[in-house]
$ cat upload_20.cif   # mmCIF, C-alpha atoms
data_final
#
loop_
_atom_site.label_atom_id
_atom_site.label_comp_id
_atom_site.auth_asym_id
_atom_site.auth_seq_id
_atom_site.Cartn_x
_atom_site.Cartn_y
_atom_site.Cartn_z
CA MET A 332 150.85 92.01 86.27
CA ALA A 333 147.31 90.73 86.50
CA VAL A 334 145.92 87.28 85.79
CA ILE A 335 143.16 87.49 83.16
CA TYR A 336 142.53 83.73 82.81
CA GLU A 337 143.47 80.64 84.73
CA ASN A 338 142.61 76.97 84.83
CA ARG A 339 144.31 73.86 86.19
CA THR A 340 146.97 73.78 83.44
CA ILE A 341 147.71 77.37 82.37
CA ARG A 342 147.33 81.02 83.33
CA ILE A 343 147.40 84.17 81.24
CA GLU A 344 148.95 87.30 82.74
CA THR A 345 149.36 90.87 81.59
CA GLU A 346 152.74 92.54 81.38
CA THR A 347 153.02 96.22 82.23
CA SER A 348 154.27 97.90 79.08
CA GLU A 349 153.59 100.64 76.52
CA ILE A 350 152.48 97.89 74.11
CA PRO A 351 149.76 95.24 74.49
CA TRP A 352 151.66 92.32 76.06
CA LEU A 353 150.35 89.06 77.50
CA LYS A 354 152.12 85.98 78.85
CA ILE A 355 150.90 82.39 78.98
CA PHE A 356 152.41 80.25 81.75
CA THR A 357 151.99 76.59 82.54
CA GLN A 358 150.73 76.07 86.09
CA TYR A 359 153.35 73.39 86.68
CA PRO A 360 156.90 74.74 86.33
CA TYR A 361 158.05 72.71 83.32
CA LYS A 362 161.49 73.79 82.20
CA GLU A 363 161.11 72.94 78.50
CA MET A 364 158.15 72.82 76.12
CA SER A 365 159.00 69.19 75.30
CA GLU A 366 158.20 68.30 78.94
CA VAL A 367 154.68 69.75 78.72
CA PRO A 368 151.93 67.15 78.21
CA VAL A 369 150.51 67.12 74.67
CA GLU A 370 147.05 68.30 75.78
CA THR A 371 148.54 71.33 77.53
CA ARG A 372 150.77 72.12 74.54
CA LEU A 373 147.72 72.07 72.28
CA GLU A 374 145.87 74.33 74.72
CA ILE A 375 148.79 76.79 74.69
CA TYR A 376 148.93 76.81 70.88
CA SER A 377 145.20 77.38 70.70
CA LEU A 378 145.40 80.31 73.14
CA LEU A 379 148.36 81.80 71.25
CA ASP A 380 146.28 81.65 68.08
CA ILE A 381 143.25 83.27 69.71
CA ILE A 382 145.28 86.04 71.36
CA GLU A 383 147.22 86.80 68.17
CA LYS A 384 144.06 87.05 66.06
CA GLU A 385 142.31 89.22 68.66
CA MET A 386 145.34 91.54 68.93
CA ILE A 387 145.44 91.91 65.14
CA THR A 388 141.73 92.73 64.97
CA TYR A 389 141.64 95.05 67.99
CA TYR A 390 144.96 96.90 67.61
CA VAL A 391 145.92 96.53 63.91
CA PRO A 392 149.62 96.31 64.80
CA GLU A 393 152.57 96.34 62.43
CA LYS A 394 153.52 92.87 63.73
CA ILE A 395 152.74 90.37 66.48
CA ASN A 396 155.76 89.02 68.34
CA ILE A 397 155.49 85.65 70.04
CA ALA A 398 158.47 84.48 72.07
CA SER A 399 159.42 81.81 74.56
CA PHE A 400 162.82 82.25 76.17
CA GLY A 401 162.85 81.25 79.82
CA ASN A 402 166.48 82.11 80.41
CA TYR A 403 165.74 84.21 83.50
CA VAL A 404 162.55 82.38 84.44
CA PRO A 405 163.15 78.67 83.62
CA HIS A 406 159.42 77.94 83.57
CA VAL A 407 157.62 77.38 80.27
CA HIS A 408 155.91 80.60 79.24
CA TRP A 409 155.10 82.53 76.08
CA HIS A 410 155.08 86.27 75.43
CA ILE A 411 152.54 87.69 72.96
CA MET A 412 153.14 91.34 72.01
CA ALA A 413 151.49 93.69 69.54
CA ARG A 414 154.22 95.79 67.93
CA PHE A 415 153.97 99.17 66.25
CA LYS A 416 156.37 101.35 64.27
CA GLU A 417 155.74 104.06 66.89
CA ASP A 418 156.64 101.93 69.94
CA SER A 419 159.88 102.86 71.66
CA HIS A 420 161.81 99.75 70.62
CA PHE A 421 160.49 98.85 67.13
CA PRO A 422 161.94 97.08 65.15
CA GLU A 423 164.14 95.84 68.01
CA PRO A 424 162.71 93.40 70.58
CA MET A 425 161.22 94.94 73.70
CA TRP A 426 164.29 93.63 75.56
CA GLY A 427 166.58 95.37 73.06
CA THR A 428 167.87 98.89 72.65
CA LYS A 429 165.34 101.68 72.90
CA GLN A 430 165.04 103.44 69.54
CA ARG A 431 162.89 106.49 70.39
CA GLU A 432 160.30 107.89 72.75
CA SER A 433 156.97 106.19 72.16
CA SER A 434 154.19 108.05 70.41
CA LEU A 435 151.54 105.34 70.70
CA LYS A 436 147.85 106.13 71.09
CA LEU A 437 146.18 102.74 71.48
CA PRO A 438 142.70 101.47 72.34
CA SER A 439 142.20 100.40 75.95
CA PHE A 440 144.29 97.41 77.05
CA GLU A 441 141.84 96.82 79.91
CA ASN A 442 138.95 96.52 77.44
CA PHE A 443 141.02 94.18 75.30
CA CYS A 444 141.71 91.95 78.31
CA LEU A 445 138.00 91.94 79.23
CA LYS A 446 137.20 90.88 75.68
CA LEU A 447 139.63 87.98 76.00
CA GLU A 448 138.29 87.00 79.40
CA ASN A 449 134.84 86.68 77.85
CA LEU A 450 136.21 84.54 75.02
CA PHE A 451 137.98 82.21 77.43
CA LYS A 452 134.87 81.53 79.53
#
$ encode --input "upload_20.cif" --output "structure tokens"
Amino acid sequence: MAVIYENRTIRIETETSEIPWLKIFTQYPYKEMSEVPVETRLEIYSLLDIIEKEMITYYVPEKINIASFGNYVPHVHWHIMARFKEDSHFPEPMWGTKQRESSLKLPSFENFCLKLENLFK
């Protein structure tokens, strides 16, 4: 896990995985999205939109998965994942049953994160 962007209301972290996977957290540990101030919610939605579009352009995935569960970590956060037919879990969620060994050959995740960092400045 590395933080690629942070301000007073949110932070964006990487998730170690075979697929491109980012998480957006609120800085304050709100339990539910309805508790998050409107301005912060709008900021989160804007960042989700930017990240999704950049993942689509950079990786050309089969699908983008966006999820917010918070059952284990009761702190508002969103997962953004680029999914591919060749990833080890597709079409299951990354938390689901492994379907195969991965055969992914993807562009650099580090370069993707640097690209995002530059966009968020």
$ resolve_selection --input "upload_20.cif" --expression "the PyMOL selection byres ((chain A and resi 393) around 7)" --output "PyMOL selection string"
chain A and resi 391-392+394+414-416
$ resolve_selection --input "upload_20.cif" --expression "the PyMOL selection byres ((chain A and resi 429) around 6)" --output "list in words"
Ser419, His420, Thr428, Gln430 and Arg431 of chain A
$ closest_residue --input "upload_20.cif" --among "A:Glu346, A:Glu337, A:Gly401, A:Phe443" --to "A:Ile382" --atoms "all atoms listed in the file"
A:Phe443
$ atom_distance --input "upload_20.cif" --atom1 "atom CA of A:Leu379" --atom2 "atom CA of A:Ser434"
26.9 Å
$ closest_residue --input "upload_20.cif" --among "A:Tyr403, A:Trp426, A:Phe440, A:Phe451" --to "A:Arg342" --atoms "only C-alpha atoms"
A:Phe451
$ closest_residue --input "upload_20.cif" --among "A:Met332, A:Met386, A:Val369, A:Ile355" --to "A:Ala398" --atoms "all atoms listed in the file"
A:Ile355
$ atom_distance --input "upload_20.cif" --atom1 "atom CA of A:Tyr376" --atom2 "atom CA of A:Leu445"
20.4 Å
$ closest_residue --input "upload_20.cif" --among "A:Ala413, A:Ser365, A:Ile335, A:Thr340" --to "A:Lys384" --atoms "all atoms listed in the file"
A:Ala413
$ resolve_selection --input "upload_20.cif" --expression "the PyMOL selection byres ((chain A and resi 411) around 6)" --output "ChimeraX atom specification"
/A:352-353,396-397,410,412
$ atom_distance --input "upload_20.cif" --atom1 "atom CA of A:Gln358" --atom2 "atom CA of A:Leu378"
14.6 Å
$ closest_residue --input "upload_20.cif" --among "A:Thr388, A:Glu374, A:Ile343, A:Val404" --to "A:Pro360" --atoms "all atoms listed in the file"
A:Val404
$ closest_residue --input "upload_20.cif" --among "A:Glu441, A:Leu450, A:Lys436, A:Ile387" --to "A:Thr347" --atoms "all atoms listed in the file"
A:Glu441
$ residues_around --input "upload_20.cif" --residues "A:Ser433" --least-positions-apart "6" --cutoff "8 Å" --atoms "all atoms listed in the file" --output "number ranges by chain"
A: 349, 417-419
$ residues_around --input "upload_20.cif" --residues "A:His406" --least-positions-apart "4" --cutoff "12 Å" --atoms "all atoms listed in the file" --output "PDB file with C-alpha atoms, in the coordinates of the input"
ATOM      1  CA  ILE A 341     147.710  77.370  82.370  1.00  0.00           C
ATOM      2  CA  LYS A 354     152.120  85.980  78.850  1.00  0.00           C
ATOM      3  CA  ILE A 355     150.900  82.390  78.980  1.00  0.00           C
ATOM      4  CA  PHE A 356     152.410  80.250  81.750  1.00  0.00           C
ATOM      5  CA  THR A 357     151.990  76.590  82.540  1.00  0.00           C
ATOM      6  CA  GLN A 358     150.730  76.070  86.090  1.00  0.00           C
ATOM      7  CA  TYR A 359     153.350  73.390  86.680  1.00  0.00           C
ATOM      8  CA  PRO A 360     156.900  74.740  86.330  1.00  0.00           C
ATOM      9  CA  TYR A 361     158.050  72.710  83.320  1.00  0.00           C
ATOM     10  CA  LYS A 362     161.490  73.790  82.200  1.00  0.00           C
ATOM     11  CA  GLU A 363     161.110  72.940  78.500  1.00  0.00           C
ATOM     12  CA  MET A 364     158.150  72.820  76.120  1.00  0.00           C
ATOM     13  CA  GLU A 366     158.200  68.300  78.940  1.00  0.00           C
ATOM     14  CA  VAL A 367     154.680  69.750  78.720  1.00  0.00           C
ATOM     15  CA  SER A 399     159.420  81.810  74.560  1.00  0.00           C
ATOM     16  CA  PHE A 400     162.820  82.250  76.170  1.00  0.00           C
ATOM     17  CA  GLY A 401     162.850  81.250  79.820  1.00  0.00           C
ATOM     18  CA  ASN A 402     166.480  82.110  80.410  1.00  0.00           C
TER      19      ASN A 402
END
$ build_atoms --input "upload_20.cif" --residues "stretch 378-401 of chain A" --atoms "N, CA, C and O atoms" --output "CSV table (one decimal), in the frame of the given file"
chain,number,residue,atom,x,y,z
A,378,LEU,N,145.5,79.0,72.5
A,378,LEU,CA,145.4,80.3,73.1
A,378,LEU,C,146.3,81.3,72.4
A,378,LEU,O,145.9,82.5,72.3
A,379,LEU,N,147.5,80.9,72.0
A,379,LEU,CA,148.4,81.8,71.2
A,379,LEU,C,147.7,82.3,70.0
A,379,LEU,O,147.7,83.4,69.6
A,380,ASP,N,147.0,81.3,69.3
A,380,ASP,CA,146.3,81.6,68.1
A,380,ASP,C,145.1,82.6,68.3
A,380,ASP,O,145.0,83.6,67.6
A,381,ILE,N,144.4,82.4,69.4
A,381,ILE,CA,143.2,83.3,69.7
A,381,ILE,C,143.8,84.7,70.1
A,381,ILE,O,143.3,85.7,69.5
A,382,ILE,N,144.8,84.7,70.9
A,382,ILE,CA,145.3,86.0,71.4
A,382,ILE,C,145.9,86.8,70.2
A,382,ILE,O,145.6,88.0,70.0
A,383,GLU,N,146.6,86.1,69.3
A,383,GLU,CA,147.2,86.8,68.2
A,383,GLU,C,146.1,87.4,67.3
A,383,GLU,O,146.2,88.5,66.9
A,384,LYS,N,145.1,86.6,66.9
A,384,LYS,CA,144.1,87.0,66.1
A,384,LYS,C,143.3,88.2,66.7
A,384,LYS,O,142.9,89.2,66.0
A,385,GLU,N,143.0,88.1,68.0
A,385,GLU,CA,142.3,89.2,68.7
A,385,GLU,C,143.2,90.5,68.7
A,385,GLU,O,142.6,91.6,68.5
A,386,MET,N,144.5,90.4,68.9
A,386,MET,CA,145.3,91.5,68.9
A,386,MET,C,145.4,92.2,67.5
A,386,MET,O,145.3,93.4,67.4
A,387,ILE,N,145.4,91.4,66.5
A,387,ILE,CA,145.4,91.9,65.1
A,387,ILE,C,144.1,92.7,64.9
A,387,ILE,O,144.2,93.8,64.3
A,388,THR,N,143.0,92.1,65.2
A,388,THR,CA,141.7,92.7,65.0
A,388,THR,C,141.6,94.0,65.8
A,388,THR,O,141.1,95.0,65.3
A,389,TYR,N,141.9,93.9,67.1
A,389,TYR,CA,141.6,95.0,68.0
A,389,TYR,C,142.6,96.2,67.8
A,389,TYR,O,142.3,97.4,67.8
A,390,TYR,N,143.9,95.9,67.6
A,390,TYR,CA,145.0,96.9,67.6
A,390,TYR,C,145.5,97.2,66.2
A,390,TYR,O,146.1,98.3,66.1
A,391,VAL,N,145.4,96.4,65.3
A,391,VAL,CA,145.9,96.5,63.9
A,391,VAL,C,147.4,96.9,64.0
A,391,VAL,O,147.9,97.9,63.5
A,392,PRO,N,148.2,96.0,64.6
A,392,PRO,CA,149.6,96.3,64.8
A,392,PRO,C,150.4,96.1,63.5
A,392,PRO,O,149.9,95.5,62.5
A,393,GLU,N,151.6,96.6,63.5
A,393,GLU,CA,152.6,96.3,62.4
A,393,GLU,C,152.9,94.9,62.4
A,393,GLU,O,153.1,94.3,61.4
A,394,LYS,N,153.1,94.2,63.6
A,394,LYS,CA,153.5,92.9,63.7
A,394,LYS,C,153.1,92.3,65.1
A,394,LYS,O,153.0,93.1,66.0
A,395,ILE,N,152.9,91.0,65.2
A,395,ILE,CA,152.7,90.4,66.5
A,395,ILE,C,154.0,89.6,66.7
A,395,ILE,O,154.5,88.9,65.9
A,396,ASN,N,154.6,89.8,67.9
A,396,ASN,CA,155.8,89.0,68.3
A,396,ASN,C,155.3,88.0,69.3
A,396,ASN,O,154.6,88.3,70.3
A,397,ILE,N,155.7,86.8,69.1
A,397,ILE,CA,155.5,85.6,70.0
A,397,ILE,C,156.8,85.0,70.4
A,397,ILE,O,157.6,84.7,69.5
A,398,ALA,N,157.1,85.0,71.7
A,398,ALA,CA,158.5,84.5,72.1
A,398,ALA,C,158.4,83.6,73.3
A,398,ALA,O,157.5,83.8,74.2
A,399,SER,N,159.3,82.6,73.4
A,399,SER,CA,159.4,81.8,74.6
A,399,SER,C,160.9,81.6,74.8
A,399,SER,O,161.6,81.0,74.1
A,400,PHE,N,161.4,82.3,75.9
A,400,PHE,CA,162.8,82.2,76.2
A,400,PHE,C,163.1,81.4,77.4
A,400,PHE,O,163.6,80.4,77.4
A,401,GLY,N,162.7,82.0,78.6
A,401,GLY,CA,162.8,81.2,79.8
A,401,GLY,C,164.3,81.2,80.3
A,401,GLY,O,164.6,80.3,81.1
